[in-house]
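Q: I am sharing upload_9.cif, which consists of mmCIF, C-alpha atoms and all ligand atoms:
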```cif
data_final
loop_
_atom_site.label_atom_id
_atom_site.label_comp_id
_atom_site.auth_asym_id
_atom_site.auth_seq_id
_atom_site.Cartn_x
_atom_site.Cartn_y
_atom_site.Cartn_z
CA MET H 19 -26.80 23.18 -6.88
CA ASN H 20 -25.62 26.54 -5.62
CA VAL H 21 -22.13 26.39 -4.17
CA PHE H 22 -20.34 28.95 -2.00
CA LEU H 23 -16.53 28.93 -2.08
CA ILE H 24 -14.57 30.66 0.71
CA GLY H 25 -11.19 32.22 -0.07
CA SER H 26 -9.34 34.53 -2.43
CA GLY H 27 -6.16 32.86 -3.62
CA GLY H 28 -4.87 30.94 -6.60
CA ARG H 29 -6.03 27.78 -4.83
CA GLU H 30 -9.60 29.05 -4.83
CA HIS H 31 -9.39 30.18 -8.47
CA ALA H 32 -8.26 26.68 -9.46
CA LEU H 33 -11.09 25.12 -7.43
CA ALA H 34 -13.61 27.56 -8.95
CA TRP H 35 -12.32 26.74 -12.45
CA LYS H 36 -12.70 23.01 -11.86
CA LEU H 37 -16.11 23.34 -10.18
CA SER H 38 -17.41 25.54 -13.03
CA ALA H 39 -17.09 22.55 -15.35
CA SER H 40 -19.41 20.42 -13.20
CA PRO H 41 -22.86 19.66 -14.62
CA LEU H 42 -24.08 19.59 -11.00
CA LEU H 43 -23.31 23.25 -10.52
CA THR H 44 -26.09 25.83 -10.89
CA LYS H 45 -24.36 28.91 -9.54
CA LEU H 46 -21.00 29.49 -7.89
CA TYR H 47 -20.48 32.26 -5.36
CA CYS H 48 -17.15 33.16 -3.81
CA ALA H 49 -16.18 35.33 -0.84
CA PRO H 50 -14.13 37.39 -1.19
CA GLY H 51 -12.72 36.00 -4.48
CA ASN H 52 -10.37 37.88 -6.80
CA GLY H 53 -10.13 39.33 -10.30
CA GLY H 54 -9.82 35.93 -11.96
CA ILE H 55 -12.51 34.21 -9.89
CA SER H 56 -14.91 37.06 -10.78
CA GLU H 57 -14.88 35.82 -14.40
CA ILE H 58 -16.42 32.46 -13.44
CA ALA H 59 -18.23 33.06 -10.13
CA GLU H 60 -20.12 35.83 -8.42
CA CYS H 61 -17.73 37.37 -5.92
CA VAL H 62 -19.52 38.62 -2.82
CA ASP H 63 -18.46 40.94 -0.05
CA VAL H 64 -19.02 38.72 2.98
CA ALA H 65 -16.29 38.76 5.66
CA ILE H 66 -14.98 35.22 5.99
CA THR H 67 -14.36 35.76 9.71
CA ASP H 68 -18.08 36.51 10.22
CA HIS H 69 -19.66 33.07 10.47
CA ASP H 70 -23.16 34.48 11.10
CA ALA H 71 -22.91 36.54 7.91
CA ILE H 72 -21.82 33.43 5.96
CA VAL H 73 -24.78 31.45 7.33
CA ALA H 74 -27.15 34.32 6.49
CA PHE H 75 -25.74 34.51 2.95
CA CYS H 76 -26.26 30.76 2.51
CA ARG H 77 -29.88 31.07 3.63
CA SER H 78 -30.76 33.99 1.37
CA ASN H 79 -29.04 32.48 -1.71
CA SER H 80 -30.19 28.85 -1.38
CA ILE H 81 -26.60 27.62 -0.93
CA GLU H 82 -26.51 23.84 -0.65
CA PHE H 83 -22.76 23.36 -0.27
CA VAL H 84 -19.93 25.47 1.16
CA ILE H 85 -16.30 24.73 0.27
CA VAL H 86 -13.71 26.29 2.57
CA GLY H 87 -10.32 27.01 0.95
CA PRO H 88 -8.01 28.42 3.65
CA GLU H 89 -7.12 27.02 7.08
CA ALA H 90 -7.93 30.02 9.30
CA PRO H 91 -11.76 29.76 9.04
CA LEU H 92 -11.55 25.99 9.61
CA VAL H 93 -9.44 26.38 12.74
CA ALA H 94 -11.93 29.06 13.83
CA GLY H 95 -14.81 26.57 13.55
CA LEU H 96 -16.59 27.68 10.37
CA ALA H 97 -17.44 24.09 9.39
CA ASP H 98 -19.02 23.47 12.81
CA ASP H 99 -21.08 26.66 12.60
CA LEU H 100 -22.38 25.76 9.13
CA SER H 101 -23.11 22.13 10.05
CA ALA H 102 -25.00 23.28 13.15
CA GLN H 103 -27.32 25.19 10.82
CA GLY H 104 -27.81 22.18 8.56
CA ILE H 105 -25.60 23.57 5.78
CA LYS H 106 -23.37 20.99 4.10
CA VAL H 107 -19.68 21.91 4.13
CA PHE H 108 -16.39 20.64 2.73
CA GLY H 109 -13.73 21.08 5.39
CA PRO H 110 -12.94 19.68 8.84
CA SER H 111 -14.48 20.64 12.17
CA LYS H 112 -12.58 22.89 14.54
CA ALA H 113 -11.49 19.84 16.57
CA ALA H 114 -10.20 18.01 13.48
CA ALA H 115 -8.55 21.17 12.10
CA GLN H 116 -6.21 20.98 15.11
CA LEU H 117 -4.09 18.77 12.85
CA GLU H 118 -2.95 22.07 11.32
CA GLY H 119 -3.94 24.45 14.11
CA SER H 120 -1.59 22.94 16.68
CA LYS H 121 1.73 21.36 15.82
CA GLY H 122 1.95 19.90 19.34
CA PHE H 123 -1.47 18.25 18.91
CA THR H 124 -0.27 16.51 15.74
CA LYS H 125 3.04 15.47 17.29
CA ASP H 126 1.24 13.90 20.27
CA LEU H 127 -1.12 12.08 17.92
CA CYS H 128 1.86 10.75 15.94
CA ALA H 129 3.51 9.56 19.15
CA GLU H 130 0.33 7.81 20.32
CA TYR H 131 -0.27 6.05 16.98
CA SER H 132 3.38 5.38 16.00
CA ILE H 133 3.23 7.63 12.95
CA PRO H 134 6.78 8.39 11.72
CA THR H 135 7.80 11.98 12.44
CA ALA H 136 10.77 13.84 13.98
CA SER H 137 11.33 13.41 17.74
CA TYR H 138 10.00 16.43 19.60
CA LYS H 139 9.14 18.13 22.87
CA ARG H 140 6.41 20.70 23.66
CA PHE H 141 7.01 23.80 25.80
CA THR H 142 4.72 26.38 27.35
CA ASP H 143 7.50 28.04 29.29
CA ARG H 144 10.43 30.00 27.88
CA GLU H 145 13.06 29.08 30.51
CA THR H 146 12.41 25.34 30.24
CA ALA H 147 12.71 25.54 26.45
CA LEU H 148 15.96 27.52 26.65
CA VAL H 149 17.52 25.08 29.13
CA TYR H 150 16.42 22.10 27.00
CA LEU H 151 18.16 23.59 23.94
CA ASP H 152 21.53 23.40 25.73
CA THR H 153 21.25 19.60 25.65
CA GLN H 154 20.37 19.32 21.95
CA THR H 155 22.40 18.57 18.83
CA LEU H 156 22.30 20.76 15.71
CA PRO H 157 20.59 21.63 13.49
CA ILE H 158 17.40 21.84 15.51
CA VAL H 159 13.90 22.98 14.54
CA VAL H 160 11.86 25.46 16.61
CA LYS H 161 8.17 25.99 15.79
CA ALA H 162 5.41 28.20 17.07
CA ASP H 163 2.59 25.79 17.91
CA GLY H 164 -0.29 27.61 16.22
CA LEU H 165 -1.12 29.12 12.82
CA ALA H 166 1.58 31.59 11.83
CA ALA H 167 0.97 31.94 8.08
CA GLY H 168 4.04 29.82 7.30
CA LYS H 169 6.36 32.08 9.33
CA GLY H 170 6.64 30.26 12.65
CA VAL H 171 9.23 27.62 11.68
CA PHE H 172 12.99 28.05 12.31
CA ILE H 173 15.69 25.63 11.24
CA ALA H 174 18.46 26.69 13.60
CA GLU H 175 22.12 25.95 12.77
CA THR H 176 23.36 27.25 16.14
CA ILE H 177 22.00 27.12 19.69
CA ALA H 178 22.00 30.93 19.72
CA GLU H 179 19.67 30.99 16.69
CA ALA H 180 17.41 28.38 18.27
CA LYS H 181 17.25 30.40 21.48
CA ALA H 182 16.43 33.56 19.53
CA ALA H 183 13.57 31.67 17.86
CA VAL H 184 12.23 30.50 21.22
CA ARG H 185 12.40 34.05 22.56
CA SER H 186 10.68 35.40 19.46
CA CYS H 187 7.78 32.95 19.94
CA PHE H 188 7.33 33.67 23.64
CA ASP H 189 7.77 37.43 23.05
CA GLY H 190 4.59 37.31 21.00
CA ASP H 191 6.06 37.82 17.52
CA PHE H 192 3.49 35.29 16.25
CA GLY H 193 0.69 36.34 18.57
CA SER H 194 -1.06 33.54 20.41
CA ALA H 195 0.39 31.00 17.93
CA GLY H 196 3.71 31.30 19.79
CA ALA H 197 2.37 30.84 23.31
CA GLU H 198 3.45 27.22 22.98
CA VAL H 199 6.59 26.01 21.21
CA VAL H 200 7.56 22.67 19.69
CA ILE H 201 11.26 21.82 19.43
CA GLU H 202 12.03 18.90 17.15
CA ASP H 203 14.86 17.11 15.40
CA CYS H 204 15.80 18.19 11.91
CA LEU H 205 14.88 15.64 9.25
CA VAL H 206 17.10 15.19 6.22
CA GLY H 207 15.88 14.21 2.76
CA GLU H 208 13.75 15.49 -0.10
CA GLU H 209 10.34 17.00 0.60
CA ALA H 210 7.10 16.09 -1.14
CA SER H 211 3.40 16.68 -0.57
CA PHE H 212 0.68 14.06 -0.51
CA PHE H 213 -3.03 14.84 -0.68
CA ALA H 214 -6.00 12.67 0.24
CA LEU H 215 -9.73 13.29 0.57
CA VAL H 216 -10.98 11.93 3.88
CA ASP H 217 -14.65 11.43 4.79
CA GLY H 218 -14.18 10.52 8.44
CA ASN H 219 -13.34 6.87 7.79
CA THR H 220 -12.21 6.41 4.20
CA ALA H 221 -9.20 8.10 2.62
CA LEU H 222 -9.02 8.53 -1.15
CA PRO H 223 -5.50 9.43 -2.30
CA LEU H 224 -5.49 12.34 -4.75
CA ALA H 225 -2.05 13.05 -6.14
CA THR H 226 1.44 14.09 -5.13
CA ALA H 227 3.21 17.41 -5.67
CA GLN H 228 6.37 19.29 -4.85
CA ASP H 229 6.63 23.02 -4.30
CA HIS H 230 9.39 25.60 -4.10
CA LYS H 231 9.11 27.62 -0.89
CA ARG H 232 12.14 29.92 -1.21
CA VAL H 233 11.68 33.16 -3.09
CA PHE H 234 14.76 33.06 -5.37
CA ASP H 235 16.24 30.69 -7.96
CA GLY H 236 18.28 27.80 -6.62
CA ASP H 237 15.94 27.62 -3.59
CA GLN H 238 17.62 30.68 -2.04
CA GLY H 239 16.25 33.55 0.04
CA PRO H 240 13.40 33.76 2.52
CA ASN H 241 10.48 31.34 2.71
CA THR H 242 7.23 32.17 0.93
CA GLY H 243 3.85 30.49 0.63
CA GLY H 244 5.26 28.79 -2.48
CA MET H 245 6.75 30.18 -5.70
CA GLY H 246 5.77 27.25 -7.90
CA ALA H 247 4.83 23.58 -7.87
CA TYR H 248 4.43 20.51 -10.03
CA SER H 249 2.48 17.28 -9.92
CA PRO H 250 3.13 14.40 -9.81
CA ALA H 251 6.27 14.44 -7.66
CA PRO H 252 8.56 11.99 -9.48
CA ILE H 253 10.17 10.96 -6.19
CA MET H 254 6.81 9.69 -4.92
CA THR H 255 6.96 6.21 -6.41
CA GLY H 256 4.07 3.79 -6.04
CA GLU H 257 5.85 2.25 -3.06
CA MET H 258 6.34 5.63 -1.35
CA CYS H 259 2.66 6.48 -1.88
CA GLU H 260 1.59 3.16 -0.43
CA ARG H 261 3.84 3.58 2.60
CA THR H 262 2.52 7.12 3.09
CA MET H 263 -1.06 5.84 3.06
CA ASN H 264 -0.37 2.89 5.38
CA GLU H 265 2.08 4.49 7.79
CA ILE H 266 0.82 8.07 7.95
CA ILE H 267 -2.59 8.87 6.43
CA LEU H 268 -4.64 5.82 7.47
CA PRO H 269 -3.41 5.72 11.09
CA THR H 270 -4.26 9.44 11.34
CA VAL H 271 -7.76 8.89 9.97
CA ARG H 272 -8.26 6.04 12.44
CA ALA H 273 -6.87 8.08 15.33
CA MET H 274 -9.16 11.04 14.66
CA SER H 275 -12.17 8.76 14.35
CA GLU H 276 -11.33 6.84 17.54
CA ARG H 277 -10.99 10.10 19.43
CA GLY H 278 -14.50 11.08 18.39
CA THR H 279 -13.29 13.93 16.19
CA PRO H 280 -13.35 12.36 12.71
CA PHE H 281 -11.48 14.26 10.00
CA LYS H 282 -13.49 15.26 6.94
CA GLY H 283 -11.94 17.26 4.15
CA VAL H 284 -8.59 17.22 2.43
CA LEU H 285 -5.59 16.06 4.39
CA TYR H 286 -2.33 17.47 3.05
CA ALA H 287 0.74 15.72 4.42
CA GLY H 288 4.06 17.54 4.13
CA LEU H 289 6.58 14.70 3.95
CA MET H 290 10.32 14.28 4.29
CA LEU H 291 11.48 11.27 2.30
CA THR H 292 14.28 9.82 4.36
CA PRO H 293 16.33 6.66 3.82
CA GLU H 294 14.01 5.00 6.39
CA GLY H 295 10.90 6.02 4.46
CA PRO H 296 8.39 8.88 4.54
CA GLN H 297 8.24 10.97 7.72
CA LEU H 298 5.50 13.49 8.49
CA ILE H 299 6.81 17.07 8.72
CA GLU H 300 3.38 18.54 9.25
CA TYR H 301 -0.27 18.33 8.31
CA ASN H 302 -2.41 20.93 6.62
CA VAL H 303 -6.17 20.59 6.60
CA ARG H 304 -6.77 22.25 3.23
CA PHE H 305 -5.35 22.17 -0.27
CA GLY H 306 -1.87 23.52 -0.81
CA ASP H 307 -1.45 26.80 -2.63
CA PRO H 308 -0.06 26.56 -5.37
CA GLU H 309 -0.22 22.72 -5.21
CA CYS H 310 -3.99 22.78 -5.72
CA GLN H 311 -3.51 24.52 -9.06
CA VAL H 312 -1.45 21.64 -10.47
CA LEU H 313 -3.76 19.03 -8.98
CA MET H 314 -6.80 20.61 -10.64
CA MET H 315 -4.97 20.78 -13.99
CA ARG H 316 -4.39 17.02 -13.84
CA LEU H 317 -7.83 15.97 -12.63
CA LYS H 318 -10.07 14.56 -15.37
CA SER H 319 -13.11 13.69 -13.26
CA ASP H 320 -15.79 16.05 -12.05
CA PHE H 321 -14.56 17.25 -8.66
CA LEU H 322 -17.85 18.46 -7.16
CA PRO H 323 -19.26 14.93 -6.57
CA ALA H 324 -15.99 13.94 -4.86
CA LEU H 325 -16.18 16.92 -2.49
CA LEU H 326 -19.84 16.11 -1.79
CA ALA H 327 -18.99 12.44 -1.15
CA THR H 328 -16.32 13.60 1.32
CA ALA H 329 -18.86 15.67 3.22
CA ASP H 330 -21.49 12.89 3.04
CA GLY H 331 -19.13 10.14 4.24
CA VAL H 332 -19.50 7.97 1.11
CA LEU H 333 -15.99 8.18 -0.36
CA ASP H 334 -15.68 4.38 -0.27
CA ARG H 335 -17.77 4.31 -3.46
CA PHE H 336 -15.58 6.83 -5.19
CA ASP H 337 -12.81 6.93 -7.73
CA LEU H 338 -11.13 9.77 -9.59
CA ARG H 339 -9.35 9.80 -12.94
CA TRP H 340 -6.19 11.82 -13.60
CA HIS H 341 -4.20 12.95 -16.63
CA ASP H 342 -0.85 11.15 -16.66
CA GLU H 343 0.78 14.36 -17.84
CA THR H 344 2.73 16.64 -15.54
CA ALA H 345 1.27 19.96 -14.51
CA LEU H 346 3.60 22.76 -13.43
CA THR H 347 2.77 26.20 -12.11
CA VAL H 348 5.00 29.27 -11.84
CA VAL H 349 4.00 31.99 -9.39
CA MET H 350 4.34 35.59 -10.54
CA ALA H 351 4.72 37.82 -7.49
CA THR H 352 4.99 41.55 -6.84
CA LYS H 353 8.56 42.81 -6.41
CA GLY H 354 9.35 42.92 -2.69
CA TYR H 355 7.33 39.80 -1.76
CA PRO H 356 7.54 38.15 0.78
CA GLY H 357 8.46 41.53 2.31
CA PRO H 358 6.53 44.77 1.75
CA TYR H 359 5.34 45.41 -1.81
CA GLU H 360 3.41 48.01 -3.77
CA LYS H 361 -0.23 47.41 -4.72
CA GLY H 362 -2.12 48.50 -7.82
CA SER H 363 0.33 47.94 -10.70
CA VAL H 364 -1.26 47.10 -14.07
CA ILE H 365 -0.89 43.70 -15.76
CA THR H 366 -1.53 43.12 -19.48
CA GLY H 367 -0.98 40.35 -21.99
CA LEU H 368 -2.98 37.61 -20.24
CA ALA H 369 -5.22 36.92 -23.25
CA GLU H 370 -2.14 36.22 -25.40
CA ALA H 371 -0.56 34.09 -22.68
CA VAL H 372 -3.56 31.76 -22.29
CA ASP H 373 -3.97 31.26 -26.03
CA ASP H 374 -2.88 27.60 -25.72
CA PRO H 375 -5.07 24.68 -24.54
CA ASN H 376 -2.23 23.50 -22.28
CA ILE H 377 -2.19 26.74 -20.27
CA GLU H 378 -4.39 28.09 -17.50
CA ILE H 379 -3.65 31.23 -15.53
CA PHE H 380 -5.02 31.24 -12.02
CA HIS H 381 -5.20 34.57 -10.23
CA ALA H 382 -3.91 34.74 -6.67
CA GLY H 383 -3.88 38.47 -5.89
CA THR H 384 -5.64 40.55 -8.52
CA THR H 385 -8.59 42.84 -8.79
CA LYS H 386 -10.42 44.25 -11.80
CA SER H 387 -10.80 47.99 -11.96
CA GLY H 388 -12.48 49.53 -14.98
CA GLY H 389 -10.91 47.66 -17.87
CA ASP H 390 -7.64 47.08 -16.02
CA LEU H 391 -6.28 44.08 -14.18
CA LEU H 392 -4.40 45.23 -11.07
CA ALA H 393 -1.95 43.36 -8.85
CA THR H 394 -3.17 43.55 -5.26
CA GLY H 395 -1.27 40.76 -3.53
CA GLY H 396 2.21 39.38 -2.94
CA ARG H 397 1.60 36.28 -5.01
CA VAL H 398 -0.43 37.51 -7.98
CA LEU H 399 -0.68 35.02 -10.86
CA ASN H 400 -0.11 31.26 -11.21
CA VAL H 401 0.85 30.45 -14.77
CA THR H 402 0.06 26.76 -15.09
CA ALA H 403 0.85 24.33 -17.90
CA ARG H 404 0.44 20.68 -18.73
CA GLY H 405 3.07 18.69 -20.62
CA ALA H 406 4.11 15.14 -21.46
CA THR H 407 7.25 15.70 -19.35
CA VAL H 408 8.16 18.09 -16.55
CA ARG H 409 10.48 19.79 -19.03
CA GLU H 410 7.66 20.32 -21.54
CA ALA H 411 5.26 21.68 -18.90
CA GLN H 412 8.04 23.98 -17.68
CA GLN H 413 8.82 25.28 -21.18
CA ARG H 414 5.14 25.95 -21.85
CA ALA H 415 4.65 27.80 -18.57
CA TYR H 416 7.67 30.05 -19.20
CA ALA H 417 6.64 30.66 -22.82
CA ALA H 418 3.26 31.91 -21.51
CA ILE H 419 4.96 34.11 -18.89
CA ALA H 420 7.05 35.73 -21.61
CA LYS H 421 3.81 37.15 -23.08
CA ILE H 422 2.68 38.78 -19.82
CA LYS H 423 3.55 42.44 -19.39
CA TRP H 424 3.91 43.49 -15.79
CA ASP H 425 6.72 45.84 -14.69
CA GLN H 426 6.25 45.24 -10.98
CA GLY H 427 6.26 41.45 -11.28
CA PHE H 428 8.96 38.81 -10.81
CA PHE H 429 9.12 35.02 -10.84
CA ARG H 430 11.57 32.19 -10.33
CA THR H 431 13.10 30.90 -13.55
CA ASP H 432 13.83 27.36 -12.31
CA ILE H 433 10.52 25.90 -11.09
CA GLY H 434 10.72 22.11 -11.40
CA TRP H 435 14.54 21.98 -11.61
CA ARG H 436 14.86 18.94 -9.38
CA ALA H 437 12.29 16.93 -11.37
CA VAL H 438 13.74 18.05 -14.71
CA ALA H 439 17.21 16.93 -13.59
CA ARG H 440 15.79 13.58 -12.49
CA GLU H 441 14.02 13.23 -15.86
CA GLU H 442 17.24 14.01 -17.73
CA ARG H 443 19.24 11.52 -15.66
CA ALA H 444 16.65 8.83 -16.47
CA ALA H 445 16.66 9.61 -20.23
P1 LIG O 501 5.92 24.74 7.51
O1 LIG O 501 5.87 26.24 7.49
O2 LIG O 501 5.42 24.14 8.78
O3 LIG O 501 5.42 24.16 6.23
O4 LIG O 501 7.45 24.34 7.52
C1 LIG O 501 8.25 25.01 6.63
C2 LIG O 501 9.37 24.16 6.20
O5 LIG O 501 10.26 23.93 7.29
C3 LIG O 501 9.03 22.75 5.74
O6 LIG O 501 8.55 22.72 4.43
C4 LIG O 501 10.41 22.11 5.83
O7 LIG O 501 11.21 22.53 4.75
C5 LIG O 501 10.96 22.73 7.07
N1 LIG O 501 10.83 21.85 8.24
C6 LIG O 501 9.85 21.85 9.16
N2 LIG O 501 10.06 20.91 10.09
C7 LIG O 501 11.21 20.29 9.77
C8 LIG O 501 11.99 19.22 10.34
N3 LIG O 501 11.63 18.61 11.48
N4 LIG O 501 13.12 18.86 9.71
C9 LIG O 501 13.53 19.48 8.59
N5 LIG O 501 12.86 20.48 8.00
C10 LIG O 501 11.71 20.90 8.58
N1 LIG O 502 2.43 25.69 -0.65
C1 LIG O 502 2.43 25.38 0.73
C2 LIG O 502 1.16 25.49 1.42
O1 LIG O 502 0.10 25.66 0.83
O2 LIG O 502 1.16 25.38 2.65
#
```
Can you dump the structure from the file as structure tokens?
Ligand code: AMP
Ligand code: GLY

A:
Amino acid sequence: MNVFLIGSGGREHALAWKLSASPLLTKLYCAPGNGGISEIAECVDVAITDHDAIVAFCRSNSIEFVIVGPEAPLVAGLADDLSAQGIKVFGPSKAAAQLEGSKGFTKDLCAEYSIPTASYKRFTDRETALVYLDTQTLPIVVKADGLAAGKGVFIAETIAEAKAAVRSCFDGDFGSAGAEVVIEDCLVGEEASFFALVDGNTALPLATAQDHKRVFDGDQGPNTGGMGAYSPAPIMTGEMCERTMNEIILPTVRAMSERGTPFKGVLYAGLMLTPEGPQLIEYNVRFGDPECQVLMMRLKSDFLPALLATADGVLDRFDLRWHDETALTVVMATKGYPGPYEKGSVITGLAEAVDDPNIEIFHAGTTKSGGDLLATGGRVLNVTARGATVREAQQRAYAAIAKIKWDQGFFRTDIGWRAVAREERAA
């Protein structure tokens, strides 16, 4: 079958890489794609905000299945617009994508279905929010309700900081995403991510992962989309996974179905593991980036039938097989990221770096120009390795990075440190 993948990041390169191995695949198209994706799919210049253009492309290229990578088109209703035209799609409807599109929506759903999460209050008015803060204990978390590309969350250590965050939201610093604000308690514990395919009624757990959001070693500096990740997350024991399914994922699936807006796609739960058990920090309605890269490295089974079964509502007949090994990915970013950075620097040495069956390099922000590979994004490459231990995967990833020549690039040198320390304590 012809498949059309939407997106341009390392997540989409990893999906494209996995899908390319499927015997069911005839041809893979990707919009807009990137320099790495262009080696395994035909990258096409269709604006992903133009749903009519996407439908027209599907019609003229006999596309039978569309896979949507990022959240913005889902929240904008791309899955609905494709379904309405009879085109099969992997990804939730606009109504179901509210699980990521509105933090207040998810908090209300958690309250209604007793899903463990931080206590919260929603505000549409600045003054009420500011007055409420005077009654709160610290630290306190202030969030813009809508999609803010990972920037609309503030962990405030003082009331003044919390008030500044509220003002920033209502002043429009996050556009319409900040027109409503959620203020919630700060959870304490270790974070982990849990992924499940959901077909409306059935949830099939995928795997766990942990990422590093801060830009510098030691988890210091500003937040990013993620500077590295590994899977599985050693802290997610069998018991934690079972509790997450029973206390968080399954009640959510049931809630969405009972409300008449069933969730279909991948549900990504950001968790805080507290002494009382897993608590939901937030939902995403798409794969994590770079978590998807490590998931795809560990997946043995063909992924295309699983994505089709999700869209078709027949996941109950499905199972997936995984490598027991750890996969770990290190993000190489352009100097300056997550702030302003230069575009167009040349990268070499990739062929040498991937000369190992345990290594894959997924491109996140590259373009090919003539014979050159150019960095065009903040996050640029995801150097990904498999290993028998976290330590081995980590060593392999950094050995590959050492072969890459890129003056404008930087990376964290400690991806996986928490899991490596845990491994060493256990040894
Ligand atoms: P997000 O951008 O929504 O993924 O949130 C960014 C990060 O903020 C999360 O990964 C957590 O580290 C942190 N965070 C969000 N909500 C809370 C909370 N209620 N308690 C503690 N940390 C939080
Ligand atoms: N790596 C975090 C995310 O994809 O949201």

Q: Neighbouring residues of Ala195 of chain H were defined as those with any atom within 12 Å, considering all atoms listed in the file; residues of the same chain fewer than 3 positions away were excluded. Please report them as a VMD selection string.

A: chain H and resid 118 to 122 142 161 to 171 186 to 192 198 to 200

Q: Between atom CA of Val64 of chain H and atom CA of Leu391 of chain H, what is the distance in Å, rounded to a tenth?

A: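 Spanning atom CA of Val64 of chain H to atom CA of Leu391 of chain H is a straight-line distance of 22.0 Å.
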
Q: Could you tell me how far atom CA of Phe380 of chain H lies from atom CA of His31 of chain H, in Å and to one decimal?

A: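 Calculated distance between atom CA of Phe380 of chain H and atom CA of His31 of chain H is 5.7 Å.
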
Q: Taking 5 positions as the minimum chain separation for residues in the same chain, which residues sit within 12 Å of Val332 of chain H when counting only C-alpha atoms? Answer as a list in words.

A: Leu215, Val216, Asp217, Gly218, Asn219, Thr220, Ala221, Leu222, Lys282, Pro323, Ala324, Leu325, Leu326, Ala327 and Asp337 of chain H

Q: Please provide as a PDB file with C-alpha atoms, in the frame of the given file all residues within 6 Å of Gly288 of chain H, with the sequence filter that same-chain residues fewer than 4 positions apart are discarded (counting all atoms listed in the file).

A:
```pdb
ATOM      1  CA  SER H 211       3.400  16.680  -0.570  1.00  0.00           C
ATOM      2  CA  ILE H 299       6.810  17.070   8.720  1.00  0.00           C
ATOM      3  CA  GLU H 300       3.380  18.540   9.250  1.00  0.00           C
TER       4      GLU H 300
END
```

Q: Between atom CA of Ala115 of chain H and atom CA of Ser275 of chain H, measure the distance and give it in Å to one decimal.

A: 13.1 Å

Q: Neighbouring residues of Thr176 of chain H were defined as those with any atom within 7 Å, considering all atoms listed in the file; residues of the same chain fewer than 3 positions away were excluded. Please report them as a PyMOL selection string.

A: chain H and resi 156-157+179-180

Q: All residues within 8 Å of ligand LIG 502 (chain O) are required, counting all atoms listed in the file; please report them as a list in words.

A: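 Sorted by chain and then by number, the residues are Gly168, Asp229, His230, Lys231, Gly243, Gly244, Ala247, Asn302, Phe305, Gly306, Asp307, Pro308 and Glu309 of chain H.
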
Q: Name the residues within 9 Å of (8.0, 9.4, 12.0), counting all atoms listed in the file in the file's coordinates, and put them as a ChimeraX atom specification.

A: /H:128-129,132-137,265-266,295-299

Q: Ranking H:Thr226, H:Asn241, H:Ser38, H:Thr279 by minimum distance to ligand LIG 501 (chain O) and counting only C-alpha atoms and all ligand atoms, which one comes first?

A: H:Asn241

Q: Which is closer to Thr431 of chain H than all the others in H:Ala406, H:Met350, H:Ala369, H:Ala445, using all atoms listed in the file?

A: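 Of H:Ala406, H:Met350, H:Ala369, H:Ala445, the one nearest Thr431 of chain H, counting all atoms listed in the file, is H:Met350.
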
Q: Between H:Ala113, H:Leu100, H:Val284, H:Val159, which residue has the minimum interatomic distance to ligand LIG 501 (chain O), considering only C-alpha atoms and all ligand atoms?

A: H:Val159

Q: Need the neighbours of (15.3, 22.5, 24.4): which residues are at most 10 Å away, counting only C-alpha atoms, as a list in words?

A: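 I get Tyr138, Lys139, Arg140, Phe141, Arg144, Glu145, Thr146, Ala147, Leu148, Val149, Tyr150, Leu151, Asp152, Thr153, Gln154, Thr155, Ile158, Val159, Val160, Ile177, Ala180, Lys181, Val184, Val199, Val200, Ile201 and Glu202 of chain H for the residues within 10 Å of that point.
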
Q: Can you tell me, as a list of chain:residue names, what residues are no more than 8 Å from Gly383 of chain H when counting only C-alpha atoms, ignoring any on the same chain fewer than 4 positions away?

A: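 Here the answer would be H:Ser26, H:Gly27, H:Gly28, H:Asn52, H:Gly53, H:Ala393, H:Thr394, H:Gly395, H:Gly396, H:Arg397, H:Val398, H:Leu399.
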
Q: Nearest to Thr255 of chain H: which of H:Ala227, H:Leu317, H:Ile55, H:Ile267 is it, counting all atoms listed in the file?

A: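 The closest residue to Thr255 of chain H is H:Ala227.
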